[in-house]
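Undergrad: I am sharing data_23.cif, which consists of mmCIF, C-alpha atoms and all ligand atoms:
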data_query
loop_
_atom_site.label_atom_id
_atom_site.label_comp_id
_atom_site.auth_asym_id
_atom_site.auth_seq_id
_atom_site.Cartn_x
_atom_site.Cartn_y
_atom_site.Cartn_z
CA MET A 326 -28.05 24.55 18.96
CA ASP A 327 -24.62 23.42 17.79
CA ASP A 328 -22.99 26.33 19.65
CA ALA A 329 -24.84 25.35 22.82
CA LEU A 330 -23.78 21.71 22.36
CA LEU A 331 -20.13 22.72 22.02
CA ALA A 332 -20.38 24.99 25.07
CA ALA A 333 -21.90 22.13 27.10
CA LEU A 334 -19.16 19.73 25.98
CA ALA A 335 -16.50 22.29 26.92
CA THR A 336 -17.87 22.37 30.48
CA GLY A 337 -17.86 18.57 30.76
CA VAL A 338 -21.49 17.53 30.18
CA GLU A 339 -21.70 13.75 30.69
CA GLN A 340 -24.28 12.55 28.14
CA ILE A 341 -26.21 13.86 25.13
CA LEU A 342 -29.88 13.17 24.46
CA ILE A 343 -31.37 13.92 21.04
CA LEU A 344 -35.15 13.65 21.13
CA GLY A 345 -37.07 13.03 17.89
CA ALA A 346 -33.64 12.71 16.27
CA GLY A 347 -34.80 12.05 12.70
CA TYR A 348 -31.79 12.38 10.42
CA ASP A 349 -29.77 14.43 12.94
CA THR A 350 -26.04 14.12 12.13
CA ARG A 351 -24.46 15.67 15.22
CA VAL A 352 -22.92 12.40 16.39
CA TRP A 353 -20.78 12.41 13.21
CA ARG A 354 -20.39 16.17 12.68
CA PHE A 355 -19.04 16.57 16.21
CA ALA A 356 -17.33 13.19 16.55
CA ALA A 357 -14.03 14.80 17.60
CA GLN A 358 -15.56 17.06 20.27
CA LEU A 359 -17.88 14.32 21.58
CA GLY A 360 -15.08 11.82 22.14
CA HIS A 361 -16.54 9.07 24.34
CA THR A 362 -19.54 11.13 25.54
CA PRO A 363 -22.58 8.86 24.95
CA VAL A 364 -25.20 10.19 22.54
CA PHE A 365 -28.73 8.78 22.93
CA GLU A 366 -30.91 9.25 19.85
CA VAL A 367 -34.61 8.78 20.61
CA ASP A 368 -36.98 8.32 17.69
CA HIS A 369 -39.97 6.45 16.35
CA PRO A 370 -38.96 2.82 15.60
CA ALA A 371 -39.69 3.23 11.86
CA THR A 372 -37.51 6.34 11.47
CA ALA A 373 -34.75 4.89 13.66
CA GLU A 374 -34.65 1.72 11.57
CA ARG A 375 -34.55 3.58 8.25
CA LYS A 376 -31.75 5.85 9.51
CA ALA A 377 -29.74 2.85 10.75
CA GLY A 378 -29.96 1.40 7.22
CA ILE A 379 -28.76 4.65 5.61
CA VAL A 380 -25.87 4.87 8.10
CA ALA A 381 -24.88 1.23 7.42
CA GLU A 382 -24.80 1.92 3.65
CA ASN A 383 -22.58 4.98 4.15
CA ARG A 384 -20.42 3.63 6.99
CA ALA A 385 -17.16 4.01 5.04
CA ASP A 386 -17.70 7.78 4.66
CA LEU A 387 -18.52 8.45 8.32
CA PRO A 388 -16.42 8.80 11.48
CA SER A 389 -16.60 5.58 13.48
CA SER A 390 -18.79 7.05 16.26
CA SER A 391 -22.33 5.73 16.71
CA PRO A 392 -25.37 6.95 18.62
CA ILE A 393 -27.16 4.72 21.11
CA ARG A 394 -30.50 4.28 19.34
CA VAL A 395 -33.57 4.26 21.56
CA ALA A 396 -36.75 3.34 19.70
CA VAL A 397 -39.75 5.02 21.35
CA ASP A 398 -43.27 5.57 20.09
CA PHE A 399 -44.34 8.52 22.21
CA ARG A 400 -47.98 7.50 21.79
CA THR A 401 -47.49 4.13 23.51
CA ASP A 402 -44.06 3.92 25.21
CA ARG A 403 -42.55 5.49 28.33
CA LEU A 404 -39.56 7.68 27.45
CA ASP A 405 -37.97 7.35 30.91
CA GLU A 406 -38.22 3.54 30.99
CA ARG A 407 -36.83 3.13 27.47
CA LEU A 408 -33.93 5.51 28.11
CA VAL A 409 -32.87 3.92 31.39
CA ALA A 410 -33.08 0.45 29.78
CA ALA A 411 -30.73 1.74 27.05
CA GLY A 412 -28.12 2.83 29.61
CA PHE A 413 -29.06 6.49 30.16
CA LYS A 414 -27.89 7.61 33.62
CA PRO A 415 -30.54 9.79 35.31
CA GLU A 416 -28.17 11.39 37.83
CA ARG A 417 -25.75 12.70 35.19
CA SER A 418 -25.58 16.15 33.61
CA THR A 419 -27.22 15.93 30.21
CA PHE A 420 -27.43 18.13 27.13
CA VAL A 421 -30.78 17.67 25.41
CA VAL A 422 -31.58 18.63 21.80
CA TRP A 423 -35.31 18.71 20.99
CA GLU A 424 -35.43 20.12 17.48
CA GLY A 425 -38.29 20.33 15.01
CA VAL A 426 -40.82 18.58 17.24
CA SER A 427 -42.65 20.88 19.71
CA MET A 428 -44.82 22.52 17.02
CA TYR A 429 -46.30 19.12 16.07
CA LEU A 430 -47.34 18.26 19.64
CA THR A 431 -49.98 19.47 22.07
CA ARG A 432 -49.21 21.93 24.87
CA ALA A 433 -49.93 19.15 27.41
CA ALA A 434 -47.51 16.73 25.67
CA VAL A 435 -44.67 19.28 25.63
CA LYS A 436 -45.28 20.14 29.30
CA GLU A 437 -45.36 16.44 30.20
CA THR A 438 -42.12 15.71 28.32
CA LEU A 439 -40.32 18.70 29.90
CA GLY A 440 -41.43 17.38 33.31
CA THR A 441 -40.18 13.88 32.48
CA LEU A 442 -36.86 15.35 31.32
CA HIS A 443 -36.58 17.33 34.56
CA THR A 444 -36.85 14.06 36.50
CA LEU A 445 -34.57 12.17 34.11
CA CYS A 446 -31.69 14.65 33.81
CA GLY A 447 -29.19 15.44 36.54
CA PRO A 448 -28.38 18.90 37.94
CA ASP A 449 -26.58 21.24 35.52
CA SER A 450 -28.47 19.75 32.58
CA ARG A 451 -29.36 21.96 29.63
CA LEU A 452 -31.87 21.73 26.82
CA VAL A 453 -32.16 23.47 23.45
CA MET A 454 -35.39 23.40 21.45
CA ASP A 455 -37.18 25.32 18.74
CA TRP A 456 -40.72 26.64 18.65
CA TRP A 457 -43.35 28.06 16.31
CA PHE A 458 -45.68 30.97 17.06
CA MET A 459 -48.39 32.85 15.20
CA VAL A 460 -47.01 36.15 13.95
CA ASP A 461 -49.64 38.85 14.33
CA ALA A 462 -48.54 41.51 11.80
CA PRO A 463 -51.26 42.28 9.23
CA ASP A 464 -48.97 42.31 6.13
CA ALA A 465 -49.22 39.76 3.29
CA VAL A 466 -46.14 37.68 4.26
CA SER A 467 -47.35 37.34 7.84
CA THR A 468 -50.81 36.38 6.58
CA VAL A 469 -49.27 33.57 4.49
CA LEU A 470 -47.28 32.47 7.56
CA ARG A 471 -50.52 32.30 9.54
CA MET A 472 -51.96 30.04 6.84
CA SER A 473 -48.95 27.66 6.79
CA PRO A 474 -50.18 25.38 9.63
CA GLN A 475 -53.37 24.71 7.67
CA MET A 476 -51.37 24.00 4.50
CA LEU A 477 -49.08 21.60 6.39
CA HIS A 478 -52.19 19.90 7.74
CA LEU A 479 -53.08 18.99 4.14
CA LEU A 480 -49.64 17.31 3.83
CA GLY A 481 -50.32 15.30 7.00
CA GLU A 482 -47.98 17.35 9.25
CA PRO A 483 -50.31 19.66 11.16
CA ILE A 484 -48.66 22.35 13.28
CA THR A 485 -50.60 22.28 16.50
CA LEU A 486 -48.67 24.29 19.10
CA GLY A 487 -47.76 27.95 19.01
CA ILE A 488 -46.30 29.81 22.00
CA HIS A 489 -45.27 33.44 21.65
CA PRO A 490 -41.57 34.12 22.47
CA GLU A 491 -42.70 36.56 25.19
CA ASP A 492 -44.64 33.76 26.90
CA VAL A 493 -42.28 30.82 26.44
CA GLY A 494 -40.08 31.70 29.44
CA GLY A 495 -42.96 31.30 31.91
CA PHE A 496 -44.16 28.11 30.22
CA CYS A 497 -40.72 26.49 30.39
CA GLU A 498 -39.99 27.71 33.92
CA ARG A 499 -43.25 26.19 35.24
CA ALA A 500 -42.20 22.92 33.56
CA GLY A 501 -38.83 22.96 35.35
CA TRP A 502 -36.65 24.45 32.61
CA PRO A 503 -36.16 28.24 32.97
CA ALA A 504 -34.95 29.94 29.79
CA ALA A 505 -31.37 31.19 29.73
CA GLU A 506 -31.89 32.58 26.22
CA VAL A 507 -34.75 33.08 23.75
CA VAL A 508 -33.43 33.79 20.25
CA GLY A 509 -35.79 35.03 17.52
CA SER A 510 -35.39 34.90 13.75
CA VAL A 511 -33.84 38.38 13.41
CA GLU A 512 -31.07 37.56 15.89
CA LEU A 513 -30.57 34.09 14.40
CA GLU A 514 -30.11 35.63 10.93
CA LYS A 515 -27.62 38.13 12.34
CA ARG A 516 -25.61 35.39 14.00
CA TYR A 517 -25.70 32.61 11.44
CA VAL A 518 -26.99 33.50 7.96
CA ARG A 519 -24.28 34.53 5.52
CA ASP A 520 -26.28 34.54 2.27
CA GLN A 521 -29.64 35.84 1.05
CA ARG A 522 -31.75 33.25 2.85
CA HIS A 523 -34.13 34.15 5.64
CA ILE A 524 -35.18 32.39 8.79
CA MET A 525 -38.95 32.07 9.00
CA PRO A 526 -40.13 34.81 11.41
CA ALA A 527 -42.53 32.33 13.06
CA MET A 528 -39.61 30.19 14.32
CA TYR A 529 -37.36 30.74 17.31
CA VAL A 530 -34.99 28.83 19.58
CA THR A 531 -34.68 28.59 23.37
CA ARG A 532 -31.77 27.59 25.53
CA LEU A 533 -33.07 26.18 28.82
CA GLU A 534 -31.38 25.19 32.09
CA ARG A 535 -32.80 22.59 34.44
CA SER A 536 -34.18 24.14 37.64
CA LEU A 537 -33.15 22.67 40.98
CA GLY A 538 -36.68 22.90 42.42
CA THR A 539 -39.72 20.78 41.54
CA PRO A 540 -41.61 21.90 38.41
CA LEU A 541 -44.90 23.69 39.12
CA ALA A 542 -46.76 22.23 36.16
CA ARG A 543 -47.14 18.67 34.90
CA GLY A 544 -49.50 17.34 32.25
C1 LIG B 1 -39.87 16.98 11.97
S1 LIG B 1 -38.94 15.59 12.47
C2 LIG B 1 -37.58 16.37 13.30
C3 LIG B 1 -36.32 15.58 13.12
C4 LIG B 1 -35.02 16.24 13.57
N1 LIG B 1 -35.01 16.51 14.99
C5 LIG B 1 -34.76 17.50 12.78
O1 LIG B 1 -34.83 18.60 13.34
O2 LIG B 1 -34.49 17.38 11.59
C6 LIG B 1 -39.92 14.90 13.78
C7 LIG B 1 -39.37 13.61 14.38
O3 LIG B 1 -40.31 13.13 15.35
C8 LIG B 1 -40.42 11.71 15.22
N2 LIG B 1 -41.76 11.26 15.64
C9 LIG B 1 -42.95 11.55 15.08
N3 LIG B 1 -43.94 10.90 15.73
C10 LIG B 1 -43.35 10.17 16.72
C11 LIG B 1 -43.83 9.28 17.72
N4 LIG B 1 -45.12 8.99 17.86
N5 LIG B 1 -42.93 8.72 18.55
C12 LIG B 1 -41.61 8.98 18.44
N6 LIG B 1 -41.10 9.83 17.52
C13 LIG B 1 -41.95 10.40 16.67
C14 LIG B 1 -40.20 11.43 13.74
O4 LIG B 1 -39.76 10.08 13.54
C15 LIG B 1 -39.17 12.47 13.37
O5 LIG B 1 -37.86 11.97 13.50
#
Represent the supplied structure as structure tokens.

TA:
Amino acid sequence: MDDALLAALATGVEQILILGAGYDTRVWRFAAQLGHTPVFEVDHPATAERKAGIVAENRADLPSSSPIRVAVDFRTDRLDERLVAAGFKPERSTFVVWEGVSMYLTRAAVKETLGTLHTLCGPDSRLVMDWWFMVDAPDAVSTVLRMSPQMLHLLGEPITLGIHPEDVGGFCERAGWPAAEVVGSVELEKRYVRDQRHIMPAMYVTRLERSLGTPLARG
């Protein structure tokens, strides 16, 4: 996702949108490369407020850049209205990061949000997001992975959406965001892991590019 962000900045993307930002630190980690490119961080009001407090306490240790915080409760608020009110420019090329969120939503909610983003973002916009899917190998590790959504449910974070990497391209294309790249755990490990750790086989990342036509599927 960071590589895709840097590539987008190198080609002159005009604004950055980080959806469900949580404690995302890109606005500080990439302060030099971002320059004056506006970064909109969308999050639940409670998380956004807590993060603002942590940032204020650590201000002296951070580069001076700041995100434009957009408090949105996806259950009650309209993403497009809140973003435009915060200064987001719908006609501009946008790089969207949607990390660690899709697996906690419904298929309809992800489709709806991709459709909204298609309307909101200008031509040449790009989007990176990660996904979960149910591995189907019969071995013990895969069986534990298949049980993990139920275990997370007990912690109050139920995983609700799984789309197989072979199917995600069609899903995203119908929602207006054809996949330029689908990268699974084996390839991610090859590219980025330099120690003994493993990337969970049930996780993968997509790099999407906004289609020029109207999405086929909404809602
Ligand atoms: C698992 S975290 C991912 C955070 C970050 N993107 C990351 O990868 O570390 C999910 C994020 O979704 C946000 N979220 C959960 N429910 C939400 C809601 N109803 N409206 C807006 N944001 C919500 C949370 O505040 C949290 O920041």

Undergrad: What residues have any atom no more than 6 Å from ligand LIG 1 (chain B) when counting only C-alpha atoms and all ligand atoms, and can you list them as a ChimeraX atom specification?

TA: /A:345-349,368-369,372,397-400,424-426

Undergrad: Suppose you want the space between CA of Met428 in chain A and CA of Ala396 in chain A; what is it in Å?

TA: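 One can read the CA of Met428 in chain A to CA of Ala396 in chain A distance as 21.0 Å.
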
Undergrad: How many Å separate CA of Tyr517 in chain A from CA of Thr531 in chain A?

TA: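 Computed distance, CA of Tyr517 in chain A to CA of Thr531 in chain A, equals 15.5 Å.
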
Undergrad: I need the residue nearest Ser418 in chain A from this list: A:Val380, A:Met326, A:Met528, A:Cys446. Use all atoms listed in the file for the distance.

TA: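 The closest residue to Ser418 in chain A is A:Cys446.
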
Undergrad: Ranking A:Val395, A:Leu334, A:Gly501, A:Ala527 by minimum distance to Leu439 in chain A and counting only C-alpha atoms, which one comes first?

TA: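 The shortest atom-to-atom distance to Leu439 in chain A comes from A:Gly501.
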
Undergrad: Give me, please, the distance in Å between CA of Val530 in chain A and CA of Trp456 in chain A, quoted to one decimal.

TA: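 Taking CA of Val530 in chain A as the start and CA of Trp456 in chain A as the end point, the length is 6.2 Å.
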
Undergrad: Show me the residues close to (-17.2, 11.8, 14.5) - anything with an atom within 9 Å, counting only C-alpha atoms - and format the list as an mmCIF file with C-alpha atoms, in the frame of the given file.

TA:
data_model
loop_
_atom_site.group_PDB
_atom_site.id
_atom_site.type_symbol
_atom_site.label_atom_id
_atom_site.label_comp_id
_atom_site.auth_asym_id
_atom_site.auth_seq_id
_atom_site.Cartn_x
_atom_site.Cartn_y
_atom_site.Cartn_z
ATOM 1 C CA ARG A 351 -24.460 15.670 15.220
ATOM 2 C CA VAL A 352 -22.920 12.400 16.390
ATOM 3 C CA TRP A 353 -20.780 12.410 13.210
ATOM 4 C CA ARG A 354 -20.390 16.170 12.680
ATOM 5 C CA PHE A 355 -19.040 16.570 16.210
ATOM 6 C CA ALA A 356 -17.330 13.190 16.550
ATOM 7 C CA ALA A 357 -14.030 14.800 17.600
ATOM 8 C CA GLN A 358 -15.560 17.060 20.270
ATOM 9 C CA LEU A 359 -17.880 14.320 21.580
ATOM 10 C CA GLY A 360 -15.080 11.820 22.140
ATOM 11 C CA LEU A 387 -18.520 8.450 8.320
ATOM 12 C CA PRO A 388 -16.420 8.800 11.480
ATOM 13 C CA SER A 389 -16.600 5.580 13.480
ATOM 14 C CA SER A 390 -18.790 7.050 16.260
ATOM 15 C CA SER A 391 -22.330 5.730 16.710
#

Undergrad: Return the single residue from A:Gly495, A:Pro490, A:Pro526, A:Pro363 that is closest to Val507 in chain A, with distances computed using all atoms listed in the file.

TA: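 Checking each candidate against Val507 in chain A, we get A:Pro490 as the closest.
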
Undergrad: Which residue is closest to Ser473 in chain A? Choose from A:Ile524, A:Val367, A:Val460, A:Val493 and count all atoms listed in the file.

TA: A:Val460

Undergrad: May I ask which of the residues A:Val435, A:Leu342, A:Leu541, A:Val511 is the closest one to Ala411 in chain A, counting all atoms listed in the file?

TA: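 For Ala411 in chain A, the nearest of the candidates is A:Leu342.
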
Undergrad: With all atoms listed in the file as the basis for distance, which of A:Thr350, A:Tyr429, A:Glu406, A:Asp386 is at the shortest distance from Glu482 in chain A?

TA: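 Using all atoms listed in the file, the shortest distance to Glu482 in chain A belongs to A:Tyr429.
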
Undergrad: Check which residues of range 385-477 of chain A sit at most 9 Å from range 327-332 of chain A using only C-alpha atoms, and return one row each with the closest pair of atoms and their distance in Å to one decimal, ordered by chain and rising number, as CSV.

TA:
residue,atom,partner,partner_atom,distance
A:Phe420,CA,A:Leu330,CA,7.0
A:Val421,CA,A:Leu330,CA,8.6
A:Val422,CA,A:Leu330,CA,8.4
A:Arg451,CA,A:Ala329,CA,8.8
A:Leu452,CA,A:Ala329,CA,8.9
A:Val453,CA,A:Ala329,CA,7.6
